[in-house]
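K.L.:
Sharing run-v8.pdb (PDB, C-alpha atoms and all ligand atoms) below.
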ATOM      1  CA  MET A   1       7.058   6.713  25.410  1.00  0.00           C
ATOM      2  CA  THR A   2       6.165   8.509  22.195  1.00  0.00           C
ATOM      3  CA  ASN A   3       7.771   9.073  18.836  1.00  0.00           C
ATOM      4  CA  ALA A   4       5.667  12.162  18.221  1.00  0.00           C
ATOM      5  CA  SER A   5       7.711  14.913  16.645  1.00  0.00           C
ATOM      6  CA  PRO A   6       5.921  18.023  15.441  1.00  0.00           C
ATOM      7  CA  ALA A   7       8.738  18.706  12.991  1.00  0.00           C
ATOM      8  CA  THR A   8       8.049  15.504  11.071  1.00  0.00           C
ATOM      9  CA  SER A   9       4.366  14.647  11.113  1.00  0.00           C
ATOM     10  CA  SER A  10       1.356  15.156  13.364  1.00  0.00           C
ATOM     11  CA  ARG A  11       0.251  11.658  12.331  1.00  0.00           C
ATOM     12  CA  THR A  12       3.220   9.950  13.985  1.00  0.00           C
ATOM     13  CA  ALA A  13       2.162   6.918  16.030  1.00  0.00           C
ATOM     14  CA  GLU A  14       2.163   7.220  19.809  1.00  0.00           C
ATOM     15  CA  THR A  15       4.035   4.026  20.508  1.00  0.00           C
ATOM     16  CA  SER A  16       4.300   2.169  23.840  1.00  0.00           C
ATOM     17  CA  ALA A  17       7.999   1.478  23.174  1.00  0.00           C
ATOM     18  CA  PRO A  18      10.513   3.070  20.831  1.00  0.00           C
ATOM     19  CA  ILE A  19      10.322   1.882  17.213  1.00  0.00           C
ATOM     20  CA  LEU A  20      12.065   2.979  14.028  1.00  0.00           C
ATOM     21  CA  GLU A  21      11.057   6.518  13.068  1.00  0.00           C
ATOM     22  CA  VAL A  22      10.059   5.476   9.562  1.00  0.00           C
ATOM     23  CA  LEU A  23       7.614   2.891  10.991  1.00  0.00           C
ATOM     24  CA  ALA A  24       6.072   5.310  13.474  1.00  0.00           C
ATOM     25  CA  GLU A  25       5.645   8.005  10.842  1.00  0.00           C
ATOM     26  CA  ARG A  26       4.197   5.853   8.055  1.00  0.00           C
ATOM     27  CA  TRP A  27       0.463   6.265   7.643  1.00  0.00           C
ATOM     28  CA  SER A  28      -2.096   5.832   4.880  1.00  0.00           C
ATOM     29  CA  PRO A  29      -3.420   9.142   3.545  1.00  0.00           C
ATOM     30  CA  ARG A  30      -6.204   9.752   1.046  1.00  0.00           C
ATOM     31  CA  SER A  31      -5.200  13.287   0.068  1.00  0.00           C
ATOM     32  CA  TYR A  32      -2.581  13.368  -2.692  1.00  0.00           C
ATOM     33  CA  ASP A  33      -1.013  16.249  -4.602  1.00  0.00           C
ATOM     34  CA  THR A  34      -2.321  16.124  -8.186  1.00  0.00           C
ATOM     35  CA  THR A  35       0.344  18.569  -9.384  1.00  0.00           C
ATOM     36  CA  VAL A  36       3.326  16.335  -8.611  1.00  0.00           C
ATOM     37  CA  ASP A  37       4.319  13.476 -10.913  1.00  0.00           C
ATOM     38  CA  ILE A  38       6.187  10.490  -9.582  1.00  0.00           C
ATOM     39  CA  ASP A  39       9.942  10.765  -9.244  1.00  0.00           C
ATOM     40  CA  GLU A  40      11.063   7.792 -11.343  1.00  0.00           C
ATOM     41  CA  ALA A  41      14.185   7.079  -9.273  1.00  0.00           C
ATOM     42  CA  LYS A  42      12.111   6.981  -6.085  1.00  0.00           C
ATOM     43  CA  LEU A  43       9.526   4.728  -7.734  1.00  0.00           C
ATOM     44  CA  THR A  44      12.271   2.323  -8.755  1.00  0.00           C
ATOM     45  CA  SER A  45      13.615   2.275  -5.184  1.00  0.00           C
ATOM     46  CA  VAL A  46      10.137   1.566  -3.834  1.00  0.00           C
ATOM     47  CA  LEU A  47       9.729  -1.407  -6.183  1.00  0.00           C
ATOM     48  CA  GLU A  48      13.270  -2.560  -5.476  1.00  0.00           C
ATOM     49  CA  ALA A  49      12.455  -2.662  -1.751  1.00  0.00           C
ATOM     50  CA  ALA A  50       9.565  -5.017  -2.525  1.00  0.00           C
ATOM     51  CA  ARG A  51      11.888  -7.162  -4.636  1.00  0.00           C
ATOM     52  CA  TRP A  52      14.250  -7.723  -1.683  1.00  0.00           C
ATOM     53  CA  SER A  53      11.533  -8.933   0.664  1.00  0.00           C
ATOM     54  CA  PRO A  54      11.909 -12.482   2.044  1.00  0.00           C
ATOM     55  CA  SER A  55       9.559 -15.218   0.810  1.00  0.00           C
ATOM     56  CA  ALA A  56       8.835 -18.911   1.307  1.00  0.00           C
ATOM     57  CA  SER A  57      11.608 -20.905  -0.428  1.00  0.00           C
ATOM     58  CA  ASN A  58      12.591 -17.593  -2.042  1.00  0.00           C
ATOM     59  CA  SER A  59       9.640 -18.143  -4.404  1.00  0.00           C
ATOM     60  CA  GLN A  60       9.079 -14.355  -4.803  1.00  0.00           C
ATOM     61  CA  PRO A  61       5.382 -14.742  -5.726  1.00  0.00           C
ATOM     62  CA  TRP A  62       4.730 -10.974  -5.824  1.00  0.00           C
ATOM     63  CA  ARG A  63       3.892  -9.264  -9.101  1.00  0.00           C
ATOM     64  CA  PHE A  64       2.936  -5.632  -9.641  1.00  0.00           C
ATOM     65  CA  ILE A  65       1.049  -3.621 -12.234  1.00  0.00           C
ATOM     66  CA  VAL A  66       2.434  -0.084 -12.062  1.00  0.00           C
ATOM     67  CA  ALA A  67       0.500   2.773 -13.683  1.00  0.00           C
ATOM     68  CA  ARG A  68       1.337   6.468 -13.730  1.00  0.00           C
ATOM     69  CA  ARG A  69      -1.464   9.058 -13.531  1.00  0.00           C
ATOM     70  CA  GLY A  70      -2.761   9.848 -17.038  1.00  0.00           C
ATOM     71  CA  SER A  71      -1.909   6.440 -18.510  1.00  0.00           C
ATOM     72  CA  GLU A  72      -4.428   3.970 -19.903  1.00  0.00           C
ATOM     73  CA  SER A  73      -3.457   1.449 -17.230  1.00  0.00           C
ATOM     74  CA  PHE A  74      -4.101   4.032 -14.496  1.00  0.00           C
ATOM     75  CA  THR A  75      -7.662   4.472 -15.786  1.00  0.00           C
ATOM     76  CA  LYS A  76      -8.173   0.707 -15.922  1.00  0.00           C
ATOM     77  CA  ILE A  77      -7.098   0.337 -12.287  1.00  0.00           C
ATOM     78  CA  HIS A  78      -9.157   3.327 -11.169  1.00  0.00           C
ATOM     79  CA  ASP A  79     -12.234   1.914 -12.939  1.00  0.00           C
ATOM     80  CA  ASN A  80     -11.831  -1.247 -10.864  1.00  0.00           C
ATOM     81  CA  LEU A  81     -11.642   0.359  -7.431  1.00  0.00           C
ATOM     82  CA  MET A  82     -14.722   0.161  -5.198  1.00  0.00           C
ATOM     83  CA  GLY A  83     -16.694   3.405  -5.181  1.00  0.00           C
ATOM     84  CA  PHE A  84     -15.381   4.711  -1.842  1.00  0.00           C
ATOM     85  CA  ASN A  85     -11.804   4.245  -3.044  1.00  0.00           C
ATOM     86  CA  GLN A  86     -12.562   5.769  -6.453  1.00  0.00           C
ATOM     87  CA  ALA A  87     -13.542   8.978  -4.648  1.00  0.00           C
ATOM     88  CA  TRP A  88      -9.953   9.770  -3.648  1.00  0.00           C
ATOM     89  CA  ALA A  89      -7.392   7.351  -5.121  1.00  0.00           C
ATOM     90  CA  GLY A  90      -7.334   8.921  -8.597  1.00  0.00           C
ATOM     91  CA  ASN A  91      -5.320  11.869  -7.264  1.00  0.00           C
ATOM     92  CA  ALA A  92      -2.248   9.734  -6.545  1.00  0.00           C
ATOM     93  CA  ALA A  93       0.708   9.931  -8.941  1.00  0.00           C
ATOM     94  CA  VAL A  94       0.793   6.140  -9.278  1.00  0.00           C
ATOM     95  CA  LEU A  95      -1.638   3.271  -8.866  1.00  0.00           C
ATOM     96  CA  ILE A  96      -0.188  -0.181  -8.299  1.00  0.00           C
ATOM     97  CA  VAL A  97      -1.998  -3.516  -8.331  1.00  0.00           C
ATOM     98  CA  ALA A  98      -0.355  -6.066  -6.048  1.00  0.00           C
ATOM     99  CA  LEU A  99      -0.773  -9.578  -7.453  1.00  0.00           C
ATOM    100  CA  ALA A 100      -0.017 -12.915  -5.826  1.00  0.00           C
ATOM    101  CA  GLU A 101       1.238 -15.760  -7.987  1.00  0.00           C
ATOM    102  CA  THR A 102      -0.682 -18.437  -6.115  1.00  0.00           C
ATOM    103  CA  VAL A 103       0.529 -21.478  -8.096  1.00  0.00           C
ATOM    104  CA  ASP A 104       4.029 -22.355  -9.257  1.00  0.00           C
ATOM    105  CA  GLU A 105       5.127 -23.301 -12.779  1.00  0.00           C
ATOM    106  CA  ASP A 106       4.064 -26.944 -12.122  1.00  0.00           C
ATOM    107  CA  GLY A 107       0.575 -25.897 -11.061  1.00  0.00           C
ATOM    108  CA  LYS A 108       1.297 -26.565  -7.376  1.00  0.00           C
ATOM    109  CA  THR A 109      -0.392 -24.228  -4.878  1.00  0.00           C
ATOM    110  CA  ARG A 110       1.835 -21.730  -3.092  1.00  0.00           C
ATOM    111  CA  PRO A 111       0.355 -21.597   0.439  1.00  0.00           C
ATOM    112  CA  TRP A 112       2.322 -18.501   1.445  1.00  0.00           C
ATOM    113  CA  ALA A 113       1.911 -16.445  -1.726  1.00  0.00           C
ATOM    114  CA  GLU A 114      -0.421 -13.860  -0.162  1.00  0.00           C
ATOM    115  CA  TYR A 115       1.669 -13.694   3.003  1.00  0.00           C
ATOM    116  CA  ASP A 116       4.770 -13.062   0.906  1.00  0.00           C
ATOM    117  CA  LEU A 117       3.001 -10.407  -1.166  1.00  0.00           C
ATOM    118  CA  GLY A 118       1.890  -8.674   2.044  1.00  0.00           C
ATOM    119  CA  GLN A 119       5.422  -8.616   3.321  1.00  0.00           C
ATOM    120  CA  ALA A 120       6.715  -7.229   0.008  1.00  0.00           C
ATOM    121  CA  SER A 121       4.026  -4.534   0.231  1.00  0.00           C
ATOM    122  CA  ALA A 122       5.218  -3.686   3.743  1.00  0.00           C
ATOM    123  CA  HIS A 123       8.778  -3.286   2.449  1.00  0.00           C
ATOM    124  CA  LEU A 124       7.432  -1.090  -0.345  1.00  0.00           C
ATOM    125  CA  SER A 125       5.507   1.073   2.132  1.00  0.00           C
ATOM    126  CA  VAL A 126       8.502   1.683   4.378  1.00  0.00           C
ATOM    127  CA  GLN A 127      10.762   2.548   1.436  1.00  0.00           C
ATOM    128  CA  ALA A 128       8.089   4.915   0.096  1.00  0.00           C
ATOM    129  CA  HIS A 129       7.935   6.746   3.397  1.00  0.00           C
ATOM    130  CA  HIS A 130      11.720   6.929   3.518  1.00  0.00           C
ATOM    131  CA  GLU A 131      11.588   8.556   0.050  1.00  0.00           C
ATOM    132  CA  GLY A 132       9.164  11.211   1.327  1.00  0.00           C
ATOM    133  CA  LEU A 133       6.200   9.563  -0.420  1.00  0.00           C
ATOM    134  CA  HIS A 134       3.057   7.941   0.972  1.00  0.00           C
ATOM    135  CA  ILE A 135       1.134   4.817   0.024  1.00  0.00           C
ATOM    136  CA  HIS A 136      -2.361   3.582   0.826  1.00  0.00           C
ATOM    137  CA  GLN A 137      -3.286  -0.066   0.307  1.00  0.00           C
ATOM    138  CA  MET A 138      -6.829  -0.917  -0.753  1.00  0.00           C
ATOM    139  CA  GLY A 139      -8.608  -4.242  -0.511  1.00  0.00           C
ATOM    140  CA  GLY A 140     -11.657  -2.582  -2.040  1.00  0.00           C
ATOM    141  CA  ILE A 141     -11.008  -3.631  -5.630  1.00  0.00           C
ATOM    142  CA  VAL A 142     -12.992  -5.456  -8.303  1.00  0.00           C
ATOM    143  CA  VAL A 143     -10.868  -8.567  -8.702  1.00  0.00           C
ATOM    144  CA  ASP A 144     -12.569  -9.960 -11.816  1.00  0.00           C
ATOM    145  CA  GLY A 145     -12.633  -6.517 -13.412  1.00  0.00           C
ATOM    146  CA  LEU A 146      -8.857  -6.207 -12.962  1.00  0.00           C
ATOM    147  CA  ARG A 147      -8.422  -9.735 -14.309  1.00  0.00           C
ATOM    148  CA  ASP A 148     -10.316  -8.811 -17.465  1.00  0.00           C
ATOM    149  CA  ALA A 149      -8.788  -5.359 -17.880  1.00  0.00           C
ATOM    150  CA  PHE A 150      -5.222  -6.718 -17.777  1.00  0.00           C
ATOM    151  CA  ASN A 151      -5.923 -10.149 -19.249  1.00  0.00           C
ATOM    152  CA  LEU A 152      -4.366 -11.831 -16.223  1.00  0.00           C
ATOM    153  CA  PRO A 153      -3.677 -15.573 -16.156  1.00  0.00           C
ATOM    154  CA  GLU A 154      -5.382 -17.740 -13.512  1.00  0.00           C
ATOM    155  CA  SER A 155      -2.080 -18.049 -11.648  1.00  0.00           C
ATOM    156  CA  LEU A 156      -2.128 -14.323 -10.743  1.00  0.00           C
ATOM    157  CA  THR A 157      -4.651 -12.988  -8.231  1.00  0.00           C
ATOM    158  CA  PRO A 158      -5.101  -9.254  -7.613  1.00  0.00           C
ATOM    159  CA  ILE A 159      -5.024  -8.797  -3.825  1.00  0.00           C
ATOM    160  CA  THR A 160      -4.807  -5.034  -3.336  1.00  0.00           C
ATOM    161  CA  ALA A 161      -4.430  -1.786  -5.222  1.00  0.00           C
ATOM    162  CA  ILE A 162      -1.987   0.735  -3.788  1.00  0.00           C
ATOM    163  CA  THR A 163      -1.805   4.501  -4.211  1.00  0.00           C
ATOM    164  CA  LEU A 164       1.660   6.067  -4.259  1.00  0.00           C
ATOM    165  CA  GLY A 165       2.329   9.769  -4.321  1.00  0.00           C
ATOM    166  CA  THR A 166       2.983  13.041  -2.564  1.00  0.00           C
ATOM    167  CA  LEU A 167       0.876  14.020   0.417  1.00  0.00           C
ATOM    168  CA  ALA A 168      -1.530  16.966   0.127  1.00  0.00           C
ATOM    169  CA  ALA A 169      -3.460  18.841   2.833  1.00  0.00           C
ATOM    170  CA  PRO A 170      -6.620  17.179   4.238  1.00  0.00           C
ATOM    171  CA  GLU A 171      -8.625  20.193   3.028  1.00  0.00           C
ATOM    172  CA  GLU A 172      -7.980  19.105  -0.570  1.00  0.00           C
ATOM    173  CA  LEU A 173     -10.281  16.103  -0.105  1.00  0.00           C
ATOM    174  CA  ALA A 174     -13.636  16.360  -1.821  1.00  0.00           C
ATOM    175  CA  ASN A 175     -15.995  15.455   0.999  1.00  0.00           C
ATOM    176  CA  ASP A 176     -16.447  15.803   4.771  1.00  0.00           C
ATOM    177  CA  ILE A 177     -16.184  12.099   5.609  1.00  0.00           C
ATOM    178  CA  LEU A 178     -12.833  11.755   3.854  1.00  0.00           C
ATOM    179  CA  ARG A 179     -11.531  14.937   5.493  1.00  0.00           C
ATOM    180  CA  GLU A 180     -12.584  13.673   8.940  1.00  0.00           C
ATOM    181  CA  ARG A 181     -10.866  10.319   8.380  1.00  0.00           C
ATOM    182  CA  GLU A 182      -7.701  12.063   7.247  1.00  0.00           C
ATOM    183  CA  VAL A 183      -7.211  13.703  10.633  1.00  0.00           C
ATOM    184  CA  ALA A 184      -8.838  11.084  12.917  1.00  0.00           C
ATOM    185  CA  PRO A 185      -6.618   9.737  15.715  1.00  0.00           C
ATOM    186  CA  ARG A 186      -4.526   6.734  14.699  1.00  0.00           C
ATOM    187  CA  GLU A 187      -5.399   3.760  16.889  1.00  0.00           C
ATOM    188  CA  ARG A 188      -4.104   0.278  17.558  1.00  0.00           C
ATOM    189  CA  LYS A 189      -4.883  -2.625  19.885  1.00  0.00           C
ATOM    190  CA  SER A 190      -2.546  -2.695  22.876  1.00  0.00           C
ATOM    191  CA  LEU A 191       0.468  -5.012  22.908  1.00  0.00           C
ATOM    192  CA  ASP A 192      -1.293  -7.124  25.577  1.00  0.00           C
ATOM    193  CA  GLU A 193      -4.234  -7.706  23.251  1.00  0.00           C
ATOM    194  CA  ILE A 194      -2.128  -9.053  20.399  1.00  0.00           C
ATOM    195  CA  LEU A 195       0.211 -11.287  22.411  1.00  0.00           C
ATOM    196  CA  VAL A 196      -1.616 -14.593  22.724  1.00  0.00           C
ATOM    197  CA  VAL A 197       1.239 -15.962  24.832  1.00  0.00           C
ATOM    198  CA  ASN A 198       4.068 -13.860  26.239  1.00  0.00           C
ATOM    199  CA  ASP A 199       5.709 -16.272  28.664  1.00  0.00           C
TER     200      ASP A 199
HETATM  201  C1  LIG B   1      -4.921  -5.232   3.029  1.00  0.00           C
HETATM  202  C2  LIG B   1      -5.413  -3.830   3.281  1.00  0.00           C
HETATM  203  C3  LIG B   1      -6.609  -3.412   2.711  1.00  0.00           C
HETATM  204  C4  LIG B   1      -7.062  -2.094   2.900  1.00  0.00           C
HETATM  205  N1  LIG B   1      -8.178  -1.676   2.234  1.00  0.00           N
HETATM  206  C5  LIG B   1      -8.516  -0.359   2.269  1.00  0.00           C
HETATM  207  C6  LIG B   1      -9.538   0.142   1.402  1.00  0.00           C
HETATM  208  O1  LIG B   1     -10.119  -0.560   0.574  1.00  0.00           O
HETATM  209  N2  LIG B   1      -9.848   1.464   1.498  1.00  0.00           N
HETATM  210  C7  LIG B   1      -9.211   2.305   2.364  1.00  0.00           C
HETATM  211  O2  LIG B   1      -9.539   3.505   2.379  1.00  0.00           O
HETATM  212  N3  LIG B   1      -8.222   1.852   3.181  1.00  0.00           N
HETATM  213  C8  LIG B   1      -7.847   0.553   3.143  1.00  0.00           C
HETATM  214  N4  LIG B   1      -6.797   0.091   3.913  1.00  0.00           N
HETATM  215  C9  LIG B   1      -6.072   1.016   4.812  1.00  0.00           C
HETATM  216  C10 LIG B   1      -6.313   0.687   6.288  1.00  0.00           C
HETATM  217  O3  LIG B   1      -7.613   1.060   6.636  1.00  0.00           O
HETATM  218  C11 LIG B   1      -5.242   1.394   7.126  1.00  0.00           C
HETATM  219  O4  LIG B   1      -3.976   0.867   6.831  1.00  0.00           O
HETATM  220  C12 LIG B   1      -5.518   1.223   8.621  1.00  0.00           C
HETATM  221  O5  LIG B   1      -6.684   1.893   8.990  1.00  0.00           O
HETATM  222  C13 LIG B   1      -4.371   1.732   9.482  1.00  0.00           C
HETATM  223  O6  LIG B   1      -4.087   3.086   9.185  1.00  0.00           O
HETATM  224  P1  LIG B   1      -2.594   3.557   8.856  1.00  0.00           P
HETATM  225  O7  LIG B   1      -2.120   2.756   7.661  1.00  0.00           O
HETATM  226  O8  LIG B   1      -2.730   5.030   8.526  1.00  0.00           O
HETATM  227  O9  LIG B   1      -1.760   3.292  10.047  1.00  0.00           O
HETATM  228  C14 LIG B   1      -6.325  -1.210   3.744  1.00  0.00           C
HETATM  229  C15 LIG B   1      -5.128  -1.648   4.315  1.00  0.00           C
HETATM  230  C16 LIG B   1      -4.657  -2.930   4.082  1.00  0.00           C
HETATM  231  C17 LIG B   1      -3.335  -3.347   4.685  1.00  0.00           C
END
Starting from the coordinates I provided, produce the structure as structure tokens.
P.N.:
Amino acid sequence: MTNASPATSSRTAETSAPILEVLAERWSPRSYDTTVDIDEAKLTSVLEAARWSPSASNSQPWRFIVARRGSESFTKIHDNLMGFNQAWAGNAAVLIVALAETVDEDGKTRPWAEYDLGQASAHLSVQAHHEGLHIHQMGGIVVDGLRDAFNLPESLTPITAITLGTLAAPEELANDILREREVAPRERKSLDEILVVND
């Protein structure tokens, strides 16, 4: 069974069972169109999708720094990406830093804060794809650099940075390695490999 549909995207996952089209078609590009600014209504919908994610005790420990290309905040985020991410991420219309609020207002640790933030980011990614946009999450960030740049309190931990924008052709990427990765086959472990028990 496959969801592949040439009309939509050549990057569509070849799934072993039918899944929602938006999930099969979502992927993480590195080539973004530098000529297109973010559509503000779509950006708001993307953030709203994150807001309606479930969380432990409805604690909603996700926080986001949102920066449009050309802004001071965008530069601060870009400066704090690891080198390999800096090579491509600056072309996106928006850079987002996903932050986990790891302690509550009483100073008590929130054990599921990062889990909840990940789930909110997943919501955000699916909404983005639905809006005709793409995102790419990056763990390759300088955490302390982001802390300093945005004067973050101890309670907030930067977990990822996320590009958001309009897809461009792979050929727009600056170097061969990035271009190769952009078109490399999308792979996953089989269902059997990830089911520890399937009784
Ligand atoms: C938490 C997290 C951290 C990631 N860090 C990086 C990164 O620093 N640089 C990068 O190019 N891709 C990064 N990725 C993207 C993954 O490599 C990508 O999602 C994975 O290869 C699957 O590809 P797909 O999203 O196109 O299906 C990250 C993804 C996640 C979820």
K.L.:
Which centre and which edge lengths, in Å to one decimal, describe the axis-aligned box that holds all listed atoms of ligand LIG 1 (chain B) after 5 Å is added on each side, as JSON?
P.N.:
{"center_x": -5.9, "center_y": -0.1, "center_z": 5.3, "size_x": 18.4, "size_y": 20.3, "size_z": 19.5}
K.L.:
Quick one, how far is CA of Glu101 (chain A) from CA of Asp116 (chain A)?
P.N.:
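Value for the CA of Glu101 (chain A)-CA of Asp116 (chain A) distance: 9.9 Å.
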K.L.:
For ligand LIG 1 (chain B), collect every residue having any atom at a distance of at most 8 Å from a ligand atom (counting only C-alpha atoms and all ligand atoms); output as a ChimeraX atom specification.
P.N.:
/A:26-30,82,84-85,118,136-141,159-160,186-187
K.L.:
Save out the residues we just selected, C-alpha atoms, as a PDB file, keeping the file's coordinate frame.
P.N.:
ATOM      1  CA  ARG A  26       4.197   5.853   8.055  1.00  0.00           C
ATOM      2  CA  TRP A  27       0.463   6.265   7.643  1.00  0.00           C
ATOM      3  CA  SER A  28      -2.096   5.832   4.880  1.00  0.00           C
ATOM      4  CA  PRO A  29      -3.420   9.142   3.545  1.00  0.00           C
ATOM      5  CA  ARG A  30      -6.204   9.752   1.046  1.00  0.00           C
ATOM      6  CA  MET A  82     -14.722   0.161  -5.198  1.00  0.00           C
ATOM      7  CA  PHE A  84     -15.381   4.711  -1.842  1.00  0.00           C
ATOM      8  CA  ASN A  85     -11.804   4.245  -3.044  1.00  0.00           C
ATOM      9  CA  GLY A 118       1.890  -8.674   2.044  1.00  0.00           C
ATOM     10  CA  HIS A 136      -2.361   3.582   0.826  1.00  0.00           C
ATOM     11  CA  GLN A 137      -3.286  -0.066   0.307  1.00  0.00           C
ATOM     12  CA  MET A 138      -6.829  -0.917  -0.753  1.00  0.00           C
ATOM     13  CA  GLY A 139      -8.608  -4.242  -0.511  1.00  0.00           C
ATOM     14  CA  GLY A 140     -11.657  -2.582  -2.040  1.00  0.00           C
ATOM     15  CA  ILE A 141     -11.008  -3.631  -5.630  1.00  0.00           C
ATOM     16  CA  ILE A 159      -5.024  -8.797  -3.825  1.00  0.00           C
ATOM     17  CA  THR A 160      -4.807  -5.034  -3.336  1.00  0.00           C
ATOM     18  CA  ARG A 186      -4.526   6.734  14.699  1.00  0.00           C
ATOM     19  CA  GLU A 187      -5.399   3.760  16.889  1.00  0.00           C
TER      20      GLU A 187
END
K.L.:
Of the residues A:Ala24, A:Ala92, A:Val126, A:Ala100, which is the one nearest to Ala50 (chain A), using all atoms listed in the file?
P.N.:
A:Val126
K.L.:
Give as a ChimeraX atom specification the residues that the PyMOL selection byres (((chain A and resi 123) around 10) and not hetatm) matches when applied to the coordinates above.
P.N.:
/A:46-54,117-122,124-128
K.L.:
Residues within 12 Å of Lys189 (chain A), please, as a PyMOL selection string. Count all atoms listed in the file; anything in the same chain fewer than 6 positions from it doesn't count.
P.N.:
chain A and resi 15-16+195
K.L.:
Val103 (chain A): which residues within 10 Å, counting all atoms listed in the file, same-chain residues fewer than 4 positions away excluded, as number ranges by chain?
P.N.:
A: 61, 107-111, 113, 154-157
K.L.:
For region 118-124 of chain A, supply all heavy atoms and report the output as an mmCIF file, keeping the file's coordinate frame.
P.N.:
data_model
loop_
_atom_site.group_PDB
_atom_site.id
_atom_site.type_symbol
_atom_site.label_atom_id
_atom_site.label_comp_id
_atom_site.auth_asym_id
_atom_site.auth_seq_id
_atom_site.Cartn_x
_atom_site.Cartn_y
_atom_site.Cartn_z
ATOM 1 N N GLY A 118 2.126 -9.661 0.988
ATOM 2 C CA GLY A 118 1.890 -8.674 2.044
ATOM 3 C C GLY A 118 3.192 -8.146 2.606
ATOM 4 O O GLY A 118 3.339 -6.938 2.856
ATOM 5 N N GLN A 119 4.137 -9.046 2.776
ATOM 6 C CA GLN A 119 5.422 -8.616 3.321
ATOM 7 C C GLN A 119 6.174 -7.722 2.322
ATOM 8 O O GLN A 119 6.784 -6.719 2.697
ATOM 9 C CB GLN A 119 6.273 -9.820 3.706
ATOM 10 C CG GLN A 119 7.530 -9.437 4.425
ATOM 11 C CD GLN A 119 8.048 -10.517 5.351
ATOM 12 O OE1 GLN A 119 8.566 -10.198 6.410
ATOM 13 N NE2 GLN A 119 7.920 -11.771 4.967
ATOM 14 N N ALA A 120 6.088 -8.074 1.039
ATOM 15 C CA ALA A 120 6.715 -7.229 0.008
ATOM 16 C C ALA A 120 6.051 -5.848 -0.002
ATOM 17 O O ALA A 120 6.723 -4.817 -0.157
ATOM 18 C CB ALA A 120 6.595 -7.897 -1.360
ATOM 19 N N SER A 121 4.737 -5.815 0.195
ATOM 20 C CA SER A 121 4.026 -4.534 0.231
ATOM 21 C C SER A 121 4.458 -3.714 1.443
ATOM 22 O O SER A 121 4.546 -2.482 1.374
ATOM 23 C CB SER A 121 2.510 -4.771 0.270
ATOM 24 O OG SER A 121 2.098 -5.506 -0.868
ATOM 25 N N ALA A 122 4.734 -4.394 2.551
ATOM 26 C CA ALA A 122 5.218 -3.686 3.743
ATOM 27 C C ALA A 122 6.588 -3.065 3.461
ATOM 28 O O ALA A 122 6.843 -1.902 3.797
ATOM 29 C CB ALA A 122 5.286 -4.634 4.927
ATOM 30 N N HIS A 123 7.461 -3.834 2.829
ATOM 31 C CA HIS A 123 8.778 -3.286 2.449
ATOM 32 C C HIS A 123 8.593 -2.039 1.585
ATOM 33 O O HIS A 123 9.240 -1.010 1.794
ATOM 34 C CB HIS A 123 9.573 -4.332 1.664
ATOM 35 C CG HIS A 123 10.356 -5.257 2.536
ATOM 36 N ND1 HIS A 123 11.605 -5.705 2.213
ATOM 37 C CD2 HIS A 123 10.052 -5.818 3.725
ATOM 38 C CE1 HIS A 123 12.061 -6.499 3.165
ATOM 39 N NE2 HIS A 123 11.121 -6.594 4.090
ATOM 40 N N LEU A 124 7.720 -2.192 0.598
ATOM 41 C CA LEU A 124 7.432 -1.090 -0.345
ATOM 42 C C LEU A 124 6.938 0.152 0.415
ATOM 43 O O LEU A 124 7.363 1.281 0.140
ATOM 44 C CB LEU A 124 6.412 -1.629 -1.326
ATOM 45 C CG LEU A 124 5.725 -0.853 -2.418
ATOM 46 C CD1 LEU A 124 5.270 -1.827 -3.501
ATOM 47 C CD2 LEU A 124 4.548 -0.098 -1.888
#
